[in-house]
$ cat coords20.txt   # compact mmCIF, C-alpha atoms
# COMPACT_ATOMS: atom_id res chain seq x y z
CA MET I 1 -16.51 30.55 -21.52
CA ALA I 2 -15.68 32.42 -18.33
CA LEU I 3 -17.60 31.97 -15.13
CA ARG I 4 -19.49 35.24 -14.68
CA LEU I 5 -20.49 36.90 -11.42
CA ALA I 6 -24.21 36.50 -12.17
CA LYS I 7 -23.80 32.72 -12.51
CA ALA I 8 -21.61 32.56 -9.39
CA ASN I 9 -24.29 34.37 -7.42
CA LEU I 10 -26.93 32.00 -8.81
CA ILE I 11 -24.84 29.04 -7.62
CA ILE I 12 -24.64 30.58 -4.16
CA ARG I 13 -28.37 31.33 -3.95
CA ALA I 14 -29.29 27.81 -5.06
CA ALA I 15 -26.81 26.26 -2.62
CA PHE I 16 -28.28 28.28 0.24
CA LYS I 17 -31.77 27.25 -0.87
CA LYS I 18 -30.74 23.57 -0.81
CA GLY I 19 -29.20 24.09 2.61
CA SER I 20 -32.45 25.58 3.87
CA GLU I 21 -34.50 22.72 2.40
CA LEU I 22 -32.24 20.18 4.10
CA GLN I 23 -32.17 22.22 7.32
CA LEU I 24 -28.37 22.38 7.30
CA LYS I 25 -26.22 24.40 9.65
CA PRO I 26 -25.14 27.86 8.38
CA LEU I 27 -23.18 27.46 5.14
CA THR I 28 -20.38 29.43 3.56
CA VAL I 29 -20.11 29.23 -0.23
CA ALA I 30 -17.10 30.23 -2.35
CA VAL I 31 -17.09 30.22 -6.15
CA LEU I 32 -13.75 30.31 -7.98
CA ASP I 33 -13.07 30.70 -11.69
CA ALA I 34 -10.91 28.24 -13.63
CA GLY I 35 -7.77 30.15 -12.64
CA GLY I 36 -8.54 29.80 -8.94
CA HIS I 37 -9.62 33.42 -8.49
CA LEU I 38 -12.49 34.18 -6.14
CA VAL I 39 -15.59 35.28 -8.07
CA ALA I 40 -18.09 35.35 -5.19
CA LEU I 41 -18.31 34.33 -1.54
CA GLN I 42 -21.15 34.51 0.93
CA ARG I 43 -21.28 33.44 4.54
CA ALA I 44 -24.64 32.71 6.15
CA ASP I 45 -25.51 34.36 9.43
CA GLY I 46 -24.07 32.30 12.25
CA SER I 47 -21.29 30.76 10.17
CA SER I 48 -18.01 30.51 12.08
CA ILE I 49 -15.00 32.67 11.30
CA MET I 50 -12.79 30.16 9.42
CA ARG I 51 -15.52 29.08 7.01
CA PRO I 52 -14.45 31.37 4.12
CA GLN I 53 -10.94 29.89 4.14
CA ILE I 54 -12.30 26.33 4.32
CA ALA I 55 -14.76 26.89 1.47
CA CYS I 56 -12.04 28.42 -0.70
CA GLY I 57 -9.67 25.56 0.19
CA LYS I 58 -12.20 22.95 -0.91
CA ALA I 59 -12.79 24.69 -4.25
CA TYR I 60 -9.10 25.44 -4.78
CA GLY I 61 -8.11 21.82 -4.14
CA ALA I 62 -10.67 20.60 -6.66
CA LEU I 63 -9.30 22.97 -9.29
CA ALA I 64 -5.67 22.27 -8.47
CA MET I 65 -6.04 18.55 -8.98
CA GLY I 66 -8.86 18.49 -11.53
CA MET I 67 -11.15 16.38 -9.36
CA GLY I 68 -13.90 16.99 -6.86
CA SER I 69 -12.69 17.17 -3.29
CA ALA I 70 -14.47 13.91 -2.38
CA ALA I 71 -12.11 12.09 -4.77
CA LEU I 72 -9.23 14.17 -3.49
CA GLU I 73 -10.03 13.05 0.05
CA ASN I 74 -9.74 9.42 -1.02
CA ALA I 75 -6.47 10.09 -2.86
CA PHE I 76 -4.99 11.76 0.22
CA LYS I 77 -6.04 8.82 2.41
CA ASP I 78 -4.18 6.46 0.08
CA ARG I 79 -1.15 8.76 -0.21
CA PRO I 80 -0.90 10.97 2.92
CA HIS I 81 2.65 12.12 2.14
CA PHE I 82 1.52 13.35 -1.27
CA GLY I 83 -1.33 15.23 0.40
CA ALA I 84 0.99 16.87 2.90
CA GLY I 85 3.43 17.82 0.17
CA LEU I 86 0.71 19.21 -2.07
CA ASN I 87 -0.65 21.31 0.77
CA ALA I 88 2.85 22.58 1.52
CA VAL I 89 3.37 23.88 -2.01
CA SER I 90 -0.14 25.18 -2.65
CA MET I 91 -0.45 28.93 -2.58
CA GLN I 92 -3.77 28.92 -0.78
CA GLY I 93 -4.11 25.64 1.06
CA ILE I 94 -6.14 22.63 0.08
CA VAL I 95 -8.98 21.17 2.14
CA PRO I 96 -9.38 17.59 0.87
CA VAL I 97 -12.87 16.73 2.07
CA ALA I 98 -16.20 16.57 0.24
CA GLY I 99 -17.78 19.91 -0.54
CA GLY I 100 -15.45 21.09 -3.33
CA VAL I 101 -17.16 20.57 -6.68
CA LEU I 102 -15.82 21.30 -10.15
CA ILE I 103 -18.04 23.36 -12.44
CA ARG I 104 -18.08 22.03 -16.01
CA ASN I 105 -19.71 23.61 -19.03
CA LYS I 106 -21.68 21.74 -21.69
CA ARG I 107 -18.42 20.87 -23.48
CA ASP I 108 -17.16 19.22 -20.27
CA GLN I 109 -14.53 21.94 -19.73
CA ILE I 110 -13.72 23.02 -16.19
CA ILE I 111 -14.75 26.67 -15.81
CA GLY I 112 -14.48 26.91 -12.03
CA ALA I 113 -15.28 25.28 -8.74
CA VAL I 114 -17.54 25.82 -5.78
CA GLY I 115 -16.55 25.06 -2.20
CA ILE I 116 -19.06 24.80 0.62
CA THR I 117 -18.57 24.29 4.33
CA GLY I 118 -20.72 24.48 7.42
CA ASP I 119 -22.44 21.13 7.81
CA THR I 120 -21.24 17.56 7.25
CA SER I 121 -19.03 17.16 4.21
CA ASP I 122 -21.67 15.07 2.41
CA ASN I 123 -24.31 17.75 3.04
CA ASP I 124 -21.90 20.47 1.92
CA MET I 125 -21.39 18.49 -1.29
CA ALA I 126 -25.14 18.08 -1.86
CA ALA I 127 -25.63 21.85 -1.58
CA ALA I 128 -22.70 22.47 -3.95
CA VAL I 129 -24.06 20.08 -6.57
CA ALA I 130 -27.50 21.68 -6.31
CA GLY I 131 -26.00 25.13 -6.82
CA VAL I 132 -23.95 24.15 -9.85
CA GLU I 133 -26.84 22.33 -11.51
CA ALA I 134 -29.26 25.20 -10.84
CA ALA I 135 -26.92 27.49 -12.78
CA GLY I 136 -27.11 25.18 -15.79
CA PHE I 137 -23.66 23.61 -15.41
CA GLN I 138 -22.46 20.08 -14.78
CA ALA I 139 -21.28 19.30 -11.24
CA ASP I 140 -18.23 17.08 -10.83
CA ALA I 141 -18.09 16.19 -7.15
CA GLY I 142 -15.44 13.47 -7.47

$ encode --input "coords20.txt" --output "structure tokens"
Amino acid sequence: MALRLAKANLIIRAAFKKGSELQLKPLTVAVLDAGGHLVALQRADGSSIMRPQIACGKAYGALAMGMGSAALENAFKDRPHFGAGLNAVSMQGIVPVAGGVLIRNKRDQIIGAVGITGDTSDNDMAAAVAGVEAAGFQADAG
């Protein structure tokens, strides 16, 4: 099952809604398909200029390693040389902090990832999980 644009946009809307409920700073949300291709990206008014790259980097890192970026952050802390090497060979760049969440279907298959940035990493992750779950998928935050 491919991750469709309508579902990606639903993830984004629900993530923004969660951000509003939690009174978070302006968020940027990127949704990638299982191949790492950008399906949808939105940047809230007032979001700073590097936020699209950061959001994509969180989602891309989760996909590249098959784990949510919170787990990736811990792995990079334990093995900083591995993290530096992985970032050097990645085509897009990996941002190993919470806020990159794998999107799994009902059969537990990875069909994409969402990356969110703008507030604290834990708050970014909460908004990402809310978005994925609102679209009827399973969120794997790491």

$ closest_residue --input "coords20.txt" --among "I:Lys58, I:Asp140, I:His81, I:Gln53" --to "Ile111 in chain I" --atoms "only C-alpha atoms"
I:Asp140

$ atom_distance --input "coords20.txt" --atom1 "CA of Gly36 in chain I" --atom2 "CA of Arg51 in chain I"
17.4 Å

$ residues_around --input "coords20.txt" --residues "Ala135 in chain I" --least-positions-apart "4" --cutoff "10 Å" --atoms "all atoms listed in the file" --output "JSON, numbers by chain"
{"I": [6, 7, 8, 9, 10, 11, 12, 13, 14, 103, 130, 131]}

$ closest_residue --input "coords20.txt" --among "I:Met65, I:Ala2, I:Ala98, I:Ile116" --to "Gly83 in chain I" --atoms "all atoms listed in the file"
I:Met65

$ closest_residue --input "coords20.txt" --among "I:Met91, I:Glu21, I:Leu27, I:Leu5" --to "Asp119 in chain I" --atoms "all atoms listed in the file"
I:Leu27

$ axis_aligned_box --input "coords20.txt" --around "range 63-79 of chain I" --padding-each-side "5 Å" --output "AutoDock Vina command-line options"
--center_x -7.8 --center_y 14.7 --center_z -4.6 --size_x 23.3 --size_y 26.5 --size_z 23.9

$ closest_residue --input "coords20.txt" --among "I:Gly93, I:Arg43, I:Thr28, I:Lys17" --to "Thr117 in chain I" --atoms "only C-alpha atoms"
I:Thr28

$ atom_distance --input "coords20.txt" --atom1 "CA of Ala141 in chain I" --atom2 "CA of Met50 in chain I"
22.3 Å
